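Raw contents of start-v3.txt, compact mmCIF, C-alpha atoms:
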```
# COMPACT_ATOMS: atom_id res chain seq x y z
CA MET A 1 13.46 7.84 7.29
CA LYS A 2 9.89 6.56 7.50
CA THR A 3 7.54 5.37 4.75
CA TYR A 4 4.09 6.96 4.43
CA VAL A 5 1.08 6.80 2.17
CA ALA A 6 -0.75 10.04 1.41
CA LEU A 7 -4.36 9.72 0.26
CA LEU A 8 -5.76 12.75 -1.54
CA ARG A 9 -9.51 13.40 -1.44
CA GLY A 10 -11.41 14.31 -4.58
CA ILE A 11 -8.77 14.87 -7.24
CA ASN A 12 -9.09 13.88 -10.91
CA VAL A 13 -12.79 13.12 -10.51
CA SER A 14 -15.16 14.08 -13.34
CA GLY A 15 -12.74 16.67 -14.71
CA HIS A 16 -12.34 18.50 -11.38
CA LYS A 17 -9.15 19.26 -9.46
CA ILE A 18 -6.93 17.76 -12.14
CA ILE A 19 -3.41 16.88 -11.01
CA LYS A 20 -1.02 14.97 -13.23
CA MET A 21 0.75 12.40 -11.06
CA GLU A 22 4.10 12.89 -12.83
CA LEU A 23 4.03 16.61 -12.00
CA LEU A 24 2.89 15.92 -8.42
CA ARG A 25 5.80 13.51 -7.91
CA GLU A 26 8.23 16.15 -9.20
CA VAL A 27 6.75 18.88 -6.97
CA LEU A 28 6.95 16.66 -3.88
CA VAL A 29 10.56 15.66 -4.58
CA ASN A 30 11.43 19.35 -5.04
CA ASN A 31 9.90 19.97 -1.60
CA GLY A 32 12.05 17.44 0.24
CA PHE A 33 10.07 14.19 -0.05
CA HIS A 34 12.02 11.03 -0.93
CA HIS A 35 11.31 7.93 -3.04
CA VAL A 36 7.97 9.36 -4.21
CA LEU A 37 5.70 6.87 -6.02
CA THR A 38 2.11 7.36 -7.15
CA TYR A 39 -0.53 4.78 -7.90
CA ILE A 40 -3.30 5.44 -10.41
CA GLN A 41 -4.74 8.90 -10.96
CA SER A 42 -6.93 9.15 -7.86
CA GLY A 43 -4.30 10.54 -5.50
CA ASN A 44 -2.32 7.76 -3.86
CA ILE A 45 1.25 8.70 -2.97
CA VAL A 46 3.90 6.56 -1.30
CA PHE A 47 6.91 8.48 -0.01
CA ASP A 48 9.64 8.58 2.61
CA SER A 49 10.22 11.45 5.01
CA ASP A 50 12.31 12.27 8.06
CA ASN A 51 9.29 14.08 9.50
CA GLU A 52 7.44 11.75 11.90
CA ASN A 53 4.46 14.05 12.46
CA ALA A 54 1.64 12.78 10.22
CA ALA A 55 -0.55 15.85 10.85
CA ALA A 56 2.30 18.15 9.82
CA LEU A 57 2.86 16.09 6.66
CA GLU A 58 -0.86 16.27 5.81
CA HIS A 59 -0.78 20.04 6.17
CA GLN A 60 2.48 20.36 4.23
CA ILE A 61 1.25 18.30 1.27
CA SER A 62 -2.08 20.14 1.25
CA GLN A 63 -0.24 23.49 1.18
CA ILE A 64 2.10 22.31 -1.60
CA ILE A 65 -0.89 21.26 -3.70
CA PHE A 66 -2.63 24.58 -3.05
CA LYS A 67 0.50 26.54 -3.98
CA HIS A 68 1.28 24.59 -7.17
CA PHE A 69 -2.17 23.58 -8.41
CA GLY A 70 -4.43 26.26 -6.94
CA PHE A 71 -7.00 24.25 -5.02
CA ASP A 72 -7.57 22.86 -1.56
CA VAL A 73 -7.28 19.09 -1.25
CA PRO A 74 -7.78 17.19 2.01
CA VAL A 75 -4.86 14.82 2.64
CA ARG A 76 -4.90 11.75 4.89
CA ILE A 77 -1.53 10.27 5.84
CA THR A 78 -1.23 6.66 6.86
CA THR A 79 1.88 4.83 7.97
CA LEU A 80 3.06 1.46 6.74
CA GLN A 81 2.24 0.06 10.21
CA GLU A 82 -1.30 1.49 10.15
CA LEU A 83 -1.87 0.14 6.65
CA GLN A 84 -0.71 -3.31 7.78
CA GLN A 85 -3.10 -3.11 10.73
CA ILE A 86 -5.96 -2.16 8.39
CA VAL A 87 -5.21 -5.19 6.23
CA ASP A 88 -4.86 -7.50 9.26
CA GLU A 89 -8.10 -6.29 10.90
CA ASN A 90 -10.30 -6.54 7.79
CA PRO A 91 -13.60 -7.76 9.30
CA PHE A 92 -14.63 -9.23 5.95
CA HIS A 93 -11.53 -11.37 5.39
CA LYS A 94 -13.44 -14.61 5.97
CA GLU A 95 -16.24 -13.65 3.61
CA SER A 96 -16.35 -15.23 0.19
CA ILE A 97 -16.13 -11.98 -1.77
CA GLU A 98 -15.86 -12.43 -5.51
CA ASN A 99 -15.27 -8.74 -6.23
CA PRO A 100 -11.58 -7.89 -5.56
CA ALA A 101 -12.58 -4.25 -4.97
CA GLN A 102 -14.56 -5.21 -1.85
CA PRO A 103 -14.49 -4.17 0.88
CA TYR A 104 -13.79 -0.46 0.64
CA VAL A 105 -11.91 1.40 3.34
CA ALA A 106 -12.88 4.95 4.29
CA PHE A 107 -9.83 6.62 5.82
CA LEU A 108 -11.04 9.18 8.37
CA SER A 109 -9.32 12.37 9.51
CA ASP A 110 -9.83 11.34 13.15
CA VAL A 111 -11.53 8.77 15.36
CA PRO A 112 -15.30 9.38 15.19
CA THR A 113 -17.18 10.20 18.36
CA ASN A 114 -19.61 7.54 19.57
CA ASN A 115 -22.56 9.89 19.02
CA ASN A 116 -21.57 10.67 15.43
CA LEU A 117 -20.85 7.01 14.68
CA GLN A 118 -24.28 6.05 16.03
CA SER A 119 -25.80 8.79 13.85
CA LEU A 120 -24.16 7.26 10.75
CA GLN A 121 -25.15 3.71 11.71
CA ALA A 122 -28.77 4.81 12.27
CA VAL A 123 -29.12 5.68 8.58
CA HIS A 124 -30.55 2.88 6.45
CA PHE A 125 -28.10 2.19 3.62
CA GLY A 126 -29.90 -0.88 2.32
CA ASP A 127 -27.79 -4.01 2.73
CA ASP A 128 -24.50 -2.08 2.83
CA LEU A 129 -22.38 -2.80 5.90
CA ILE A 130 -20.19 -0.48 8.00
CA VAL A 131 -17.55 -1.59 10.52
CA ASN A 132 -15.54 1.04 12.42
CA LYS A 133 -11.98 0.42 13.58
CA ASN A 134 -10.21 3.46 15.00
CA LYS A 135 -9.68 5.96 12.13
CA VAL A 136 -11.16 3.80 9.36
CA LEU A 137 -14.49 2.44 8.27
CA TYR A 138 -14.68 -0.85 6.42
CA LEU A 139 -17.50 -0.63 3.89
CA TYR A 140 -19.14 -3.56 2.17
CA TYR A 141 -21.46 -2.54 -0.66
CA ALA A 142 -24.26 -5.03 -1.30
CA ASP A 143 -24.66 -3.78 -4.87
CA SER A 144 -21.70 -1.60 -5.83
CA ALA A 145 -19.84 1.55 -4.81
CA GLY A 146 -21.40 3.32 -7.79
CA ASN A 147 -24.95 2.60 -6.60
CA THR A 148 -24.65 3.19 -2.86
CA LYS A 149 -25.90 6.05 -0.75
CA LEU A 150 -23.06 5.30 1.70
CA THR A 151 -20.76 7.85 0.07
CA ASN A 152 -17.88 9.92 1.40
CA THR A 153 -20.29 12.87 1.54
CA ALA A 154 -22.75 10.91 3.70
CA ILE A 155 -19.94 9.68 5.94
CA GLU A 156 -18.44 13.15 6.33
CA GLY A 157 -21.85 14.69 7.05
CA LYS A 158 -22.70 12.27 9.84
CA LEU A 159 -19.24 11.84 11.37
CA LYS A 160 -18.23 15.53 11.06
CA LEU A 161 -14.84 14.32 9.76
CA LYS A 162 -13.05 14.22 6.41
CA ALA A 163 -13.05 10.86 4.64
CA THR A 164 -11.44 9.42 1.54
CA SER A 165 -12.20 5.89 0.40
CA ARG A 166 -10.18 3.26 -1.41
CA ASN A 167 -11.22 -0.15 -2.66
CA TRP A 168 -9.52 -3.25 -1.28
CA LYS A 169 -7.48 -3.85 -4.42
CA THR A 170 -6.00 -0.34 -4.07
CA VAL A 171 -5.33 -0.81 -0.34
CA LEU A 172 -3.39 -4.00 -1.08
CA LYS A 173 -1.44 -2.37 -3.92
CA LEU A 174 -0.52 0.58 -1.67
CA MET A 175 0.62 -1.91 0.96
CA THR A 176 2.87 -3.59 -1.62
CA LEU A 177 4.30 -0.26 -2.81
CA ALA A 178 4.90 0.94 0.75
CA ASN A 179 6.64 -2.31 1.67
CA ARG A 180 8.87 -2.00 -1.41
CA SER A 181 9.69 1.60 -0.54
CA ALA A 182 10.52 0.68 3.08
CA THR A 183 13.15 -1.88 2.09
```

Please render this file's structure as structure tokens.
Amino acid sequence: MKTYVALLRGINVSGHKIIKMELLREVLVNNGFHHVLTYIQSGNIVFDSDNENAAALEHQISQIIFKHFGFDVPVRITTLQELQQIVDENPFHKESIENPAQPYVAFLSDVPTNNNLQSLQAVHFGDDLIVNKNKVLYLYYADSAGNTKLTNTAIEGKLKLKATSRNWKTVLKLMTLANRSAT
């Protein structure tokens, strides 16, 4: 059995695509997922599965959500090992960052092409910083995530990929939950 983290894009935001986490946990358990935990209301799920195909799990969870809640939700699966690598490779780890939410991590549906990545990096986002590592972008917002133009929509438009972002505090909490689940 392997531990995974599923990141749902765009649920429980401004009264749209409302999913109660208690009900989602129950639905996933009823569909064969094990040790299901959720963290906050923005769609973070830690679970165990015998299935080792992340793409199949993404599709399965997306279909379960569509069947039970009636709307399409992009799902990004990450493994405990990938999450650990994301934490270890944080390019801002030596920075003196007072805000525990910084940096943000945009989890991408695939590795961006060089052309699309250059297209994103060519856009002037003020003093916001972007660092790409495989299937994630590390985002440092000079002001705040609420005031940036470097949004998931901008990222998705330029990279031609799906993206869902989490702040650093959430990434670390998911890491803790996934480690607990794996033991």

_Closest of A:Arg76, A:Lys169, A:Lys2, A:Lys162 to A:Asp48 - atom-to-atom distances counting all atoms listed in the file_ =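 Smallest distance to A:Asp48 is found for A:Lys2.
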
*If you measure from atom CA of A:Leu57 to atom CA of A:Leu108, what distance in Å do you get, rounded to one decimal?*
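Those two atoms sit 15.6 Å apart.
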
*Around (-1.8, 7.6, -2.0) in the file's own coordinates, what residues are found within 6 Å if you use all atoms listed in the file, given back as a ChimeraX atom specification?*
/A:5-7,43-46

Write to file, as a compact mmCIF listing (two decimals), in the frame of the given file, the residues of the selection just made, with C-alpha atoms.
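Printed below is result39.txt as written:
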```
# COMPACT_ATOMS: atom_id res chain seq x y z
CA VAL A 5 1.08 6.80 2.17
CA ALA A 6 -0.75 10.04 1.41
CA LEU A 7 -4.36 9.72 0.26
CA GLY A 43 -4.30 10.54 -5.50
CA ASN A 44 -2.32 7.76 -3.86
CA ILE A 45 1.25 8.70 -2.97
CA VAL A 46 3.90 6.56 -1.30
```

*Which residue of A:Lys67, A:His59, A:Leu174, A:Ser165 approaches A:Thr79 most closely, using only C-alpha atoms*: A:Leu174

*asked:* What's around stretch 86-91 of chain A at 9 Å? Count all atoms listed in the file, leave out sequence neighbours fewer than 3 positions away in its own chain, and write the answer as a list of chain:residue names.
replied: A:Gln81, A:Glu82, A:Leu83, A:Lys94, A:Glu95, A:Pro103, A:Val105, A:Val131, A:Lys133, A:Val136, A:Tyr138, A:Trp168, A:Val171, A:Leu172, A:Met175

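Of the listed residues (A:Arg180, A:Lys158, A:Arg166, A:Lys17), A:Arg166 comes nearest to A:Leu139; the distances count all atoms listed in the file.
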
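Take atom CA of A:Lys135 and atom CA of A:Asn116: the distance between them is 13.2 Å.
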
*Rank nothing, just name the residue among A:Gly32, A:Pro112, A:Gly10, A:Gly126 nearest to A:Ile155, using only C-alpha atoms.*
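Among the listed residues, A:Pro112 lies closest to A:Ile155.
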
*Just how far from atom CA of A:Ile130 is atom CA of A:Asn167, in Å to one decimal?*
13.9 Å

*Given all atoms listed in the file as the counted atoms, nearest of A:Tyr140, A:His124, A:Asn132, A:Gln84 to A:Tyr104*: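 For A:Tyr104, the nearest of the given residues is A:Tyr140.
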
*Looking at all atoms listed in the file, which of A:Phe125, A:Phe33, A:Phe66, A:Tyr4 is the one that sits closest to A:Leu150?*
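With all atoms listed in the file as the atom set, the closest residue is A:Phe125.
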
So that all listed atoms of stretch 146-152 of chain A fit with 3 Å spare on each side, what axis-aligned box centre and edge lengths in Å, to one decimal, would you give as JSON?
```
{"center_x": -21.9, "center_y": 6.3, "center_z": -3.0, "size_x": 14.0, "size_y": 13.3, "size_z": 15.5}
```

_At a cut-off of 10 Å, using all atoms listed in the file, what residues contact A:Asp143? Leave out same-chain residues fewer than 3 positions from it and give the result as a VMD selection string._
chain A and resid 126 to 128 140 146 to 148
